[in-house]
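The file upload_34.txt contains compact mmCIF, N, CA and C atoms:
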# COMPACT_ATOMS: atom_id res chain seq x y z
N MET A 916 -8.38 -11.21 15.27
CA MET A 916 -7.86 -10.40 14.19
C MET A 916 -8.11 -8.94 14.53
N THR A 917 -7.12 -8.09 14.23
CA THR A 917 -7.29 -6.67 14.48
C THR A 917 -8.12 -6.06 13.36
N MET A 918 -8.73 -4.93 13.68
CA MET A 918 -9.52 -4.23 12.68
C MET A 918 -8.57 -3.46 11.77
N PRO A 919 -8.80 -3.48 10.45
CA PRO A 919 -7.90 -2.78 9.55
C PRO A 919 -7.94 -1.27 9.73
N TYR A 920 -9.11 -0.73 10.07
CA TYR A 920 -9.23 0.71 10.25
C TYR A 920 -9.76 0.99 11.65
N ALA A 921 -9.06 1.84 12.35
CA ALA A 921 -9.49 2.20 13.70
C ALA A 921 -10.72 3.10 13.61
N GLU A 922 -11.53 3.06 14.66
CA GLU A 922 -12.68 3.95 14.75
C GLU A 922 -12.20 5.39 14.62
N GLY A 923 -12.82 6.16 13.76
CA GLY A 923 -12.44 7.56 13.59
C GLY A 923 -11.22 7.77 12.71
N ASP A 924 -10.73 6.71 12.08
CA ASP A 924 -9.57 6.84 11.17
C ASP A 924 -10.06 7.34 9.83
N THR A 925 -10.44 8.60 9.80
CA THR A 925 -11.04 9.22 8.62
C THR A 925 -10.01 9.32 7.50
N PRO A 926 -10.37 8.88 6.30
CA PRO A 926 -9.43 8.99 5.18
C PRO A 926 -9.08 10.44 4.87
N LEU A 927 -7.82 10.66 4.54
CA LEU A 927 -7.35 11.99 4.17
C LEU A 927 -7.88 12.43 2.82
N ILE A 928 -8.03 11.45 1.93
CA ILE A 928 -8.51 11.71 0.57
C ILE A 928 -9.46 10.58 0.19
N PRO A 929 -10.30 10.80 -0.81
CA PRO A 929 -11.13 9.69 -1.31
C PRO A 929 -10.23 8.63 -1.95
N ARG A 930 -10.73 7.42 -2.02
CA ARG A 930 -9.99 6.35 -2.69
C ARG A 930 -9.85 6.73 -4.17
N PRO A 931 -8.63 6.75 -4.68
CA PRO A 931 -8.45 7.13 -6.09
C PRO A 931 -8.78 5.98 -7.03
N ALA A 932 -9.06 6.36 -8.25
CA ALA A 932 -9.19 5.35 -9.31
C ALA A 932 -7.82 4.72 -9.54
N LEU A 933 -7.81 3.52 -10.05
CA LEU A 933 -6.55 2.84 -10.33
C LEU A 933 -6.06 3.25 -11.72
N THR A 934 -5.74 4.53 -11.83
CA THR A 934 -5.17 5.08 -13.06
C THR A 934 -3.87 5.77 -12.70
N LEU A 935 -3.02 5.94 -13.68
CA LEU A 935 -1.72 6.55 -13.43
C LEU A 935 -1.86 7.95 -12.83
N GLN A 936 -2.66 8.78 -13.43
CA GLN A 936 -2.81 10.15 -12.95
C GLN A 936 -3.39 10.19 -11.54
N ALA A 937 -4.43 9.43 -11.29
CA ALA A 937 -5.07 9.44 -9.97
C ALA A 937 -4.13 8.90 -8.90
N LEU A 938 -3.43 7.82 -9.19
CA LEU A 938 -2.51 7.25 -8.20
C LEU A 938 -1.32 8.17 -7.95
N ARG A 939 -0.78 8.79 -9.00
CA ARG A 939 0.35 9.70 -8.83
C ARG A 939 -0.05 10.85 -7.91
N GLN A 940 -1.22 11.42 -8.16
CA GLN A 940 -1.68 12.52 -7.33
C GLN A 940 -1.93 12.07 -5.89
N ALA A 941 -2.49 10.89 -5.73
CA ALA A 941 -2.76 10.36 -4.38
C ALA A 941 -1.46 10.12 -3.62
N VAL A 942 -0.48 9.52 -4.28
CA VAL A 942 0.81 9.28 -3.64
C VAL A 942 1.45 10.62 -3.27
N ALA A 943 1.38 11.59 -4.16
CA ALA A 943 1.94 12.91 -3.87
C ALA A 943 1.28 13.55 -2.66
N THR A 944 0.03 13.22 -2.42
CA THR A 944 -0.71 13.80 -1.30
C THR A 944 -0.46 13.05 0.01
N VAL A 945 -0.57 11.72 -0.02
CA VAL A 945 -0.52 10.96 1.24
C VAL A 945 0.86 10.39 1.58
N ALA A 946 1.74 10.26 0.59
CA ALA A 946 3.07 9.69 0.84
C ALA A 946 4.08 10.30 -0.13
N PRO A 947 4.26 11.62 -0.10
CA PRO A 947 5.12 12.27 -1.11
C PRO A 947 6.56 11.76 -1.12
N SER A 948 7.04 11.29 0.02
CA SER A 948 8.41 10.78 0.05
C SER A 948 8.57 9.51 -0.77
N ARG A 949 7.45 8.89 -1.14
CA ARG A 949 7.50 7.64 -1.91
C ARG A 949 7.36 7.85 -3.41
N LEU A 950 7.26 9.13 -3.85
CA LEU A 950 7.13 9.38 -5.30
C LEU A 950 8.30 8.81 -6.11
N PRO A 951 9.55 8.93 -5.68
CA PRO A 951 10.62 8.32 -6.47
C PRO A 951 10.43 6.81 -6.63
N GLU A 952 10.02 6.14 -5.57
CA GLU A 952 9.75 4.70 -5.63
C GLU A 952 8.59 4.41 -6.60
N PHE A 953 7.55 5.24 -6.55
CA PHE A 953 6.41 5.11 -7.44
C PHE A 953 6.87 5.15 -8.90
N PHE A 954 7.68 6.16 -9.24
CA PHE A 954 8.13 6.31 -10.63
C PHE A 954 9.09 5.20 -11.04
N GLU A 955 9.91 4.74 -10.11
CA GLU A 955 10.81 3.63 -10.41
C GLU A 955 10.00 2.36 -10.68
N ASP A 956 9.00 2.09 -9.84
CA ASP A 956 8.14 0.92 -10.05
C ASP A 956 7.36 1.03 -11.35
N LEU A 957 6.93 2.25 -11.68
CA LEU A 957 6.21 2.47 -12.93
C LEU A 957 7.09 2.11 -14.12
N GLN A 958 8.32 2.61 -14.09
CA GLN A 958 9.24 2.31 -15.19
C GLN A 958 9.48 0.81 -15.31
N LYS A 959 9.70 0.15 -14.19
CA LYS A 959 9.92 -1.30 -14.21
C LYS A 959 8.70 -2.03 -14.76
N ALA A 960 7.51 -1.57 -14.39
CA ALA A 960 6.28 -2.23 -14.87
C ALA A 960 6.16 -2.10 -16.39
N PHE A 961 6.47 -0.92 -16.92
CA PHE A 961 6.35 -0.74 -18.37
C PHE A 961 7.42 -1.53 -19.12
N VAL A 962 8.63 -1.61 -18.58
CA VAL A 962 9.68 -2.41 -19.21
C VAL A 962 9.26 -3.87 -19.20
N ARG A 963 8.80 -4.34 -18.06
CA ARG A 963 8.37 -5.74 -17.95
C ARG A 963 7.19 -6.02 -18.88
N ALA A 964 6.26 -5.08 -18.97
CA ALA A 964 5.12 -5.26 -19.88
C ALA A 964 5.60 -5.41 -21.32
N GLY A 965 6.57 -4.59 -21.70
CA GLY A 965 7.12 -4.70 -23.06
C GLY A 965 7.84 -6.02 -23.26
N ASP A 966 8.64 -6.41 -22.28
CA ASP A 966 9.38 -7.67 -22.39
C ASP A 966 8.45 -8.87 -22.48
N GLU A 967 7.34 -8.81 -21.73
CA GLU A 967 6.40 -9.94 -21.68
C GLU A 967 5.28 -9.81 -22.70
N ASP A 968 5.21 -8.67 -23.39
CA ASP A 968 4.12 -8.39 -24.31
C ASP A 968 2.77 -8.61 -23.62
N SER A 969 2.65 -7.98 -22.43
CA SER A 969 1.48 -8.19 -21.59
C SER A 969 1.18 -6.92 -20.79
N VAL A 970 -0.09 -6.68 -20.51
CA VAL A 970 -0.47 -5.54 -19.66
C VAL A 970 -0.52 -5.94 -18.18
N VAL A 971 -0.31 -7.21 -17.87
CA VAL A 971 -0.39 -7.68 -16.49
C VAL A 971 0.56 -6.92 -15.56
N PRO A 972 1.83 -6.68 -15.94
CA PRO A 972 2.69 -5.92 -15.03
C PRO A 972 2.17 -4.52 -14.73
N ILE A 973 1.52 -3.90 -15.67
CA ILE A 973 0.97 -2.56 -15.45
C ILE A 973 -0.22 -2.64 -14.50
N ARG A 974 -1.06 -3.63 -14.70
CA ARG A 974 -2.20 -3.82 -13.79
C ARG A 974 -1.71 -4.13 -12.38
N MET A 975 -0.65 -4.92 -12.26
CA MET A 975 -0.08 -5.23 -10.94
C MET A 975 0.48 -3.97 -10.28
N PHE A 976 1.09 -3.10 -11.08
CA PHE A 976 1.60 -1.83 -10.57
C PHE A 976 0.44 -1.00 -10.00
N TYR A 977 -0.64 -0.89 -10.77
CA TYR A 977 -1.80 -0.13 -10.30
C TYR A 977 -2.34 -0.70 -9.00
N ARG A 978 -2.46 -2.01 -8.91
CA ARG A 978 -2.98 -2.66 -7.71
C ARG A 978 -2.04 -2.42 -6.53
N GLN A 979 -0.74 -2.61 -6.75
CA GLN A 979 0.25 -2.43 -5.68
C GLN A 979 0.17 -1.01 -5.11
N TRP A 980 0.13 -0.02 -5.97
CA TRP A 980 0.11 1.36 -5.49
C TRP A 980 -1.27 1.76 -5.00
N GLY A 981 -2.30 1.12 -5.48
CA GLY A 981 -3.63 1.34 -4.92
C GLY A 981 -3.66 0.89 -3.47
N VAL A 982 -2.99 -0.21 -3.16
CA VAL A 982 -2.91 -0.72 -1.79
C VAL A 982 -2.11 0.24 -0.92
N VAL A 983 -0.98 0.72 -1.44
CA VAL A 983 -0.17 1.69 -0.68
C VAL A 983 -1.02 2.90 -0.32
N VAL A 984 -1.73 3.44 -1.30
CA VAL A 984 -2.56 4.63 -1.06
C VAL A 984 -3.69 4.29 -0.10
N GLU A 985 -4.30 3.13 -0.25
CA GLU A 985 -5.40 2.74 0.64
C GLU A 985 -4.95 2.75 2.10
N ILE A 986 -3.75 2.29 2.34
CA ILE A 986 -3.22 2.29 3.71
C ILE A 986 -2.86 3.71 4.14
N GLU A 987 -2.12 4.42 3.32
CA GLU A 987 -1.60 5.73 3.70
C GLU A 987 -2.69 6.80 3.82
N ARG A 988 -3.81 6.60 3.16
CA ARG A 988 -4.86 7.62 3.25
C ARG A 988 -5.61 7.55 4.57
N HIS A 989 -5.37 6.50 5.35
CA HIS A 989 -5.92 6.34 6.71
C HIS A 989 -4.75 6.52 7.69
N PRO A 990 -4.58 7.70 8.27
CA PRO A 990 -3.39 7.97 9.09
C PRO A 990 -3.14 6.98 10.23
N GLU A 991 -4.17 6.59 10.95
CA GLU A 991 -3.97 5.66 12.06
C GLU A 991 -3.58 4.27 11.55
N THR A 992 -4.17 3.86 10.46
CA THR A 992 -3.82 2.57 9.87
C THR A 992 -2.37 2.58 9.39
N ALA A 993 -1.97 3.66 8.74
CA ALA A 993 -0.58 3.79 8.28
C ALA A 993 0.37 3.78 9.47
N ARG A 994 0.01 4.48 10.54
CA ARG A 994 0.86 4.50 11.73
C ARG A 994 1.03 3.10 12.29
N ARG A 995 -0.08 2.34 12.36
CA ARG A 995 -0.03 0.98 12.87
C ARG A 995 0.84 0.08 11.99
N LEU A 996 0.72 0.23 10.68
CA LEU A 996 1.53 -0.58 9.77
C LEU A 996 3.01 -0.25 9.95
N HIS A 997 3.34 1.03 9.99
CA HIS A 997 4.75 1.41 10.12
C HIS A 997 5.32 0.96 11.46
N ALA A 998 4.51 1.00 12.51
CA ALA A 998 4.96 0.51 13.82
C ALA A 998 5.21 -1.01 13.75
N ALA A 999 4.30 -1.72 13.09
CA ALA A 999 4.47 -3.17 12.95
C ALA A 999 5.72 -3.48 12.13
N GLU A 1000 5.97 -2.71 11.09
CA GLU A 1000 7.17 -2.93 10.27
C GLU A 1000 8.43 -2.76 11.12
N GLN A 1001 8.42 -1.80 12.03
CA GLN A 1001 9.57 -1.62 12.93
C GLN A 1001 9.67 -2.79 13.92
N ASP A 1002 8.53 -3.23 14.43
CA ASP A 1002 8.53 -4.30 15.42
C ASP A 1002 8.95 -5.65 14.85
N ILE A 1003 8.90 -5.79 13.55
CA ILE A 1003 9.33 -7.05 12.92
C ILE A 1003 10.81 -7.30 13.20
N ASN A 1004 11.55 -6.24 13.49
CA ASN A 1004 12.98 -6.37 13.80
C ASN A 1004 13.26 -6.57 15.29
N SER A 1005 12.22 -6.71 16.09
CA SER A 1005 12.39 -6.86 17.54
C SER A 1005 13.11 -8.17 17.86
N PRO A 1006 13.94 -8.14 18.90
CA PRO A 1006 14.57 -9.39 19.34
C PRO A 1006 13.57 -10.33 20.04
N ASP A 1007 12.42 -9.81 20.44
CA ASP A 1007 11.40 -10.59 21.14
C ASP A 1007 10.51 -11.31 20.13
N PRO A 1008 10.51 -12.64 20.12
CA PRO A 1008 9.71 -13.37 19.14
C PRO A 1008 8.21 -13.09 19.24
N ALA A 1009 7.70 -12.85 20.42
CA ALA A 1009 6.27 -12.55 20.58
C ALA A 1009 5.93 -11.21 19.92
N VAL A 1010 6.80 -10.24 20.08
CA VAL A 1010 6.60 -8.93 19.44
C VAL A 1010 6.65 -9.08 17.92
N ARG A 1011 7.62 -9.85 17.44
CA ARG A 1011 7.73 -10.09 15.99
C ARG A 1011 6.48 -10.78 15.45
N ASP A 1012 5.99 -11.79 16.16
CA ASP A 1012 4.79 -12.52 15.71
C ASP A 1012 3.58 -11.59 15.64
N ARG A 1013 3.40 -10.78 16.67
CA ARG A 1013 2.28 -9.81 16.65
C ARG A 1013 2.43 -8.83 15.50
N ALA A 1014 3.65 -8.38 15.26
CA ALA A 1014 3.90 -7.41 14.20
C ALA A 1014 3.59 -8.01 12.82
N VAL A 1015 3.98 -9.25 12.62
CA VAL A 1015 3.71 -9.91 11.34
C VAL A 1015 2.21 -10.06 11.13
N ARG A 1016 1.49 -10.47 12.18
CA ARG A 1016 0.04 -10.60 12.08
C ARG A 1016 -0.62 -9.25 11.80
N GLU A 1017 -0.21 -8.22 12.54
CA GLU A 1017 -0.79 -6.88 12.36
C GLU A 1017 -0.54 -6.37 10.94
N ALA A 1018 0.69 -6.46 10.48
CA ALA A 1018 1.01 -5.99 9.12
C ALA A 1018 0.22 -6.79 8.09
N GLY A 1019 0.16 -8.08 8.25
CA GLY A 1019 -0.59 -8.92 7.32
C GLY A 1019 -2.06 -8.57 7.28
N ASP A 1020 -2.66 -8.36 8.47
CA ASP A 1020 -4.07 -7.98 8.53
C ASP A 1020 -4.33 -6.67 7.79
N ILE A 1021 -3.46 -5.70 8.02
CA ILE A 1021 -3.64 -4.38 7.39
C ILE A 1021 -3.50 -4.48 5.88
N VAL A 1022 -2.47 -5.16 5.43
CA VAL A 1022 -2.23 -5.26 3.98
C VAL A 1022 -3.34 -6.07 3.30
N ARG A 1023 -3.76 -7.17 3.91
CA ARG A 1023 -4.85 -7.96 3.31
C ARG A 1023 -6.14 -7.15 3.23
N ALA A 1024 -6.45 -6.40 4.28
CA ALA A 1024 -7.65 -5.57 4.27
C ALA A 1024 -7.57 -4.51 3.17
N ALA A 1025 -6.41 -3.92 3.00
CA ALA A 1025 -6.23 -2.91 1.94
C ALA A 1025 -6.41 -3.55 0.56
N HIS A 1026 -5.87 -4.75 0.38
CA HIS A 1026 -6.05 -5.45 -0.90
C HIS A 1026 -7.55 -5.68 -1.16
N ARG A 1027 -8.27 -6.12 -0.14
CA ARG A 1027 -9.71 -6.36 -0.31
C ARG A 1027 -10.43 -5.07 -0.70
N GLU A 1028 -10.11 -3.97 -0.03
CA GLU A 1028 -10.75 -2.69 -0.34
C GLU A 1028 -10.48 -2.26 -1.77
N VAL A 1029 -9.23 -2.38 -2.19
CA VAL A 1029 -8.85 -1.96 -3.54
C VAL A 1029 -9.53 -2.85 -4.58
N ALA A 1030 -9.73 -4.11 -4.23
CA ALA A 1030 -10.38 -5.06 -5.14
C ALA A 1030 -11.90 -4.87 -5.19
N GLY A 1031 -12.41 -3.98 -4.36
CA GLY A 1031 -13.84 -3.70 -4.40
C GLY A 1031 -14.58 -4.14 -3.16
N GLY A 1032 -13.85 -4.35 -2.07
CA GLY A 1032 -14.52 -4.67 -0.81
C GLY A 1032 -14.56 -6.12 -0.61

How would this structure read if it were set down as structure tokens?
Amino acid sequence: MTMPYAEGDTPLIPRPALTLQALRQAVATVAPSRLPEFFEDLQKAFVRAGDEDSVVPIRMFYRQWGVVVEIERHPETARRLHAAEQDINSPDPAVRDRAVREAGDIVRAAHREVAGG
């Protein structure tokens, strides 16, 4: 298994709290091009929460974007994930398999970190 964070992959920002304000600011800092997606997902989460009469969709939104920020705040980790995402389209099955494993390792590690280690 690959390591989720490379040696010296210093975070750009501290891990934010899983709150709307903290996550919005973190996304604006580490992945500003994704702010429209952030706000679209936020709107969908609130609509779904209303439809379901549940806060679960909002909590899922916070977790999802906490994972995005966890990855993006580590530049080398983000670079590795984006490279793996590109390699998933490779015509070479071995390259695709490695890319799927790499992306999965990174995302699972980020989920663990956001969940408290």

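Rounded to one decimal, CA of Gln940 (chain A) and CA of Glu985 (chain A) lie 13.2 Å from each other.
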
| Quick one: distance from atom N of Pro929 (chain A) to atom N of His1026 (chain A) in Å, one decimal? |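 Result for atom N of Pro929 (chain A) versus atom N of His1026 (chain A): 16.2 Å, one decimal.
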
For region 977-1015 of chain A versus region 941-964 of chain A, which residues have an atom no more than 8 Å away, and what is each residue's nearest atom pair and distance in Å rounded to one decimal, using only N, CA and C atoms, chain-then-number order, as JSON lines?
{"residue": "A:Tyr977", "atom": "N", "partner": "A:Leu957", "partner_atom": "CA", "distance": 7.9}
{"residue": "A:Trp980", "atom": "CA", "partner": "A:Phe953", "partner_atom": "CA", "distance": 7.6}
{"residue": "A:Val983", "atom": "C", "partner": "A:Val942", "partner_atom": "CA", "distance": 7.4}
{"residue": "A:Val984", "atom": "CA", "partner": "A:Ala941", "partner_atom": "C", "distance": 6.2}
{"residue": "A:Glu987", "atom": "C", "partner": "A:Val945", "partner_atom": "CA", "distance": 5.4}
{"residue": "A:Arg988", "atom": "N", "partner": "A:Val945", "partner_atom": "CA", "distance": 5.8}
{"residue": "A:His989", "atom": "N", "partner": "A:Val945", "partner_atom": "CA", "distance": 7.8}

| message | Would you compute the distance between atom N of Ala932 (chain A) and atom N of Ile1021 (chain A)? Give it in Å to one decimal. | response | 21.0 Å

Report, as lines of an AutoDock Vina configuration file, the centre and edge lengths in Å (one decimal) of the axis-aligned box enclosing every listed atom of region 951-956 of chain A, padded by 5 Å on each side.
center_x = 8.6
center_y = 4.9
center_z = -8.5
size_x = 14.4
size_y = 18.0
size_z = 15.8

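Shortest separation to Arg1011 (chain A) among A:Val1029, A:Val970, A:Ala999, A:Met975 occurs at residue A:Ala999, atoms counted being only N, CA and C atoms.
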
Show which residues sit within 8 Å of Val982 (chain A), as an mmCIF file with N, CA and C atoms, in the frame of the given file. Count all atoms listed in the file, and ignore same-chain residues fewer than 6 positions away.
data_model
loop_
_atom_site.group_PDB
_atom_site.id
_atom_site.type_symbol
_atom_site.label_atom_id
_atom_site.label_comp_id
_atom_site.auth_asym_id
_atom_site.auth_seq_id
_atom_site.Cartn_x
_atom_site.Cartn_y
_atom_site.Cartn_z
ATOM 1 N N PHE A 976 1.090 -3.100 -11.080
ATOM 2 C CA PHE A 976 1.600 -1.830 -10.570
ATOM 3 C C PHE A 976 0.440 -1.000 -10.000
ATOM 4 N N ARG A 988 -3.810 6.600 3.160
ATOM 5 C CA ARG A 988 -4.860 7.620 3.250
ATOM 6 C C ARG A 988 -5.610 7.550 4.570
ATOM 7 N N VAL A 1022 -2.470 -5.160 5.430
ATOM 8 C CA VAL A 1022 -2.230 -5.260 3.980
ATOM 9 C C VAL A 1022 -3.340 -6.070 3.300
ATOM 10 N N ALA A 1024 -6.450 -6.400 4.280
ATOM 11 C CA ALA A 1024 -7.650 -5.570 4.270
ATOM 12 C C ALA A 1024 -7.570 -4.510 3.170
ATOM 13 N N ALA A 1025 -6.410 -3.920 3.000
ATOM 14 C CA ALA A 1025 -6.230 -2.910 1.940
ATOM 15 C C ALA A 1025 -6.410 -3.550 0.560
ATOM 16 N N HIS A 1026 -5.870 -4.750 0.380
ATOM 17 C CA HIS A 1026 -6.050 -5.450 -0.900
ATOM 18 C C HIS A 1026 -7.550 -5.680 -1.160
ATOM 19 N N ARG A 1027 -8.270 -6.120 -0.140
ATOM 20 C CA ARG A 1027 -9.710 -6.360 -0.310
ATOM 21 C C ARG A 1027 -10.430 -5.070 -0.700
ATOM 22 N N GLU A 1028 -10.110 -3.970 -0.030
ATOM 23 C CA GLU A 1028 -10.750 -2.690 -0.340
ATOM 24 C C GLU A 1028 -10.480 -2.260 -1.770
ATOM 25 N N VAL A 1029 -9.230 -2.380 -2.190
ATOM 26 C CA VAL A 1029 -8.850 -1.960 -3.540
ATOM 27 C C VAL A 1029 -9.530 -2.850 -4.580
ATOM 28 N N ALA A 1030 -9.730 -4.110 -4.230
ATOM 29 C CA ALA A 1030 -10.380 -5.060 -5.140
ATOM 30 C C ALA A 1030 -11.900 -4.870 -5.190
#

| Out of chain A, which residues get alpha helix (DSSP H) from DSSP, as a ChimeraX atom specification? | /A:935-945,950-967,971-987,990-1002,1008-1029

Take region 985-994 of chain A, model all heavy atoms, and hand the result over as a short mmCIF file (atom, residue, chain, number, x, y, z; two decimals), keeping the file's coordinate frame.
data_model
loop_
_atom_site.label_atom_id
_atom_site.label_comp_id
_atom_site.auth_asym_id
_atom_site.auth_seq_id
_atom_site.Cartn_x
_atom_site.Cartn_y
_atom_site.Cartn_z
N GLU A 985 -4.30 3.13 -0.25
CA GLU A 985 -5.40 2.74 0.64
C GLU A 985 -4.95 2.75 2.10
O GLU A 985 -5.68 3.20 2.98
CB GLU A 985 -5.94 1.36 0.26
CG GLU A 985 -7.09 0.89 1.10
CD GLU A 985 -8.32 1.78 1.03
OE1 GLU A 985 -8.53 2.48 0.02
OE2 GLU A 985 -9.09 1.79 2.02
N ILE A 986 -3.75 2.29 2.34
CA ILE A 986 -3.22 2.29 3.71
C ILE A 986 -2.86 3.71 4.14
O ILE A 986 -3.27 4.16 5.21
CB ILE A 986 -2.00 1.35 3.82
CG1 ILE A 986 -2.45 -0.10 3.62
CG2 ILE A 986 -1.28 1.55 5.15
CD1 ILE A 986 -1.33 -1.08 3.37
N GLU A 987 -2.12 4.42 3.32
CA GLU A 987 -1.60 5.73 3.70
C GLU A 987 -2.69 6.80 3.82
O GLU A 987 -2.51 7.78 4.52
CB GLU A 987 -0.52 6.19 2.73
CG GLU A 987 0.73 5.34 2.75
CD GLU A 987 1.52 5.43 4.06
OE1 GLU A 987 1.43 6.45 4.76
OE2 GLU A 987 2.23 4.46 4.37
N ARG A 988 -3.81 6.60 3.16
CA ARG A 988 -4.86 7.62 3.25
C ARG A 988 -5.61 7.55 4.57
O ARG A 988 -6.37 8.44 4.92
CB ARG A 988 -5.81 7.55 2.06
CG ARG A 988 -6.74 6.40 2.01
CD ARG A 988 -7.48 6.28 0.67
NE ARG A 988 -8.60 5.37 0.81
CZ ARG A 988 -9.84 5.75 1.02
NH1 ARG A 988 -10.15 7.02 1.08
NH2 ARG A 988 -10.80 4.85 1.15
N HIS A 989 -5.37 6.50 5.35
CA HIS A 989 -5.92 6.34 6.71
C HIS A 989 -4.75 6.52 7.69
O HIS A 989 -3.98 5.58 7.91
CB HIS A 989 -6.54 4.96 6.89
CG HIS A 989 -7.77 4.75 6.09
ND1 HIS A 989 -7.75 4.32 4.79
CD2 HIS A 989 -9.07 4.94 6.41
CE1 HIS A 989 -8.99 4.24 4.34
NE2 HIS A 989 -9.81 4.61 5.30
N PRO A 990 -4.58 7.70 8.27
CA PRO A 990 -3.39 7.97 9.09
C PRO A 990 -3.14 6.98 10.23
O PRO A 990 -2.00 6.56 10.45
CB PRO A 990 -3.64 9.38 9.64
CG PRO A 990 -4.61 10.00 8.70
CD PRO A 990 -5.45 8.87 8.18
N GLU A 991 -4.17 6.59 10.95
CA GLU A 991 -3.97 5.66 12.06
C GLU A 991 -3.58 4.27 11.55
O GLU A 991 -2.73 3.59 12.13
CB GLU A 991 -5.22 5.58 12.94
CG GLU A 991 -5.11 4.64 14.11
CD GLU A 991 -3.95 4.94 15.06
OE1 GLU A 991 -3.46 6.10 15.11
OE2 GLU A 991 -3.51 4.00 15.77
N THR A 992 -4.17 3.86 10.46
CA THR A 992 -3.82 2.57 9.87
C THR A 992 -2.37 2.58 9.39
O THR A 992 -1.62 1.63 9.63
CB THR A 992 -4.77 2.24 8.70
OG1 THR A 992 -6.10 2.20 9.20
CG2 THR A 992 -4.42 0.91 8.06
N ALA A 993 -1.97 3.66 8.74
CA ALA A 993 -0.58 3.79 8.28
C ALA A 993 0.37 3.78 9.47
O ALA A 993 1.42 3.12 9.42
CB ALA A 993 -0.42 5.07 7.46
N ARG A 994 0.01 4.48 10.54
CA ARG A 994 0.86 4.50 11.73
C ARG A 994 1.03 3.10 12.29
O ARG A 994 2.13 2.66 12.63
CB ARG A 994 0.27 5.43 12.79
CG ARG A 994 1.18 5.58 14.02
CD ARG A 994 0.44 5.98 15.27
NE ARG A 994 -0.57 5.02 15.70
CZ ARG A 994 -0.34 3.84 16.27
NH1 ARG A 994 0.90 3.42 16.45
NH2 ARG A 994 -1.32 3.04 16.63
#
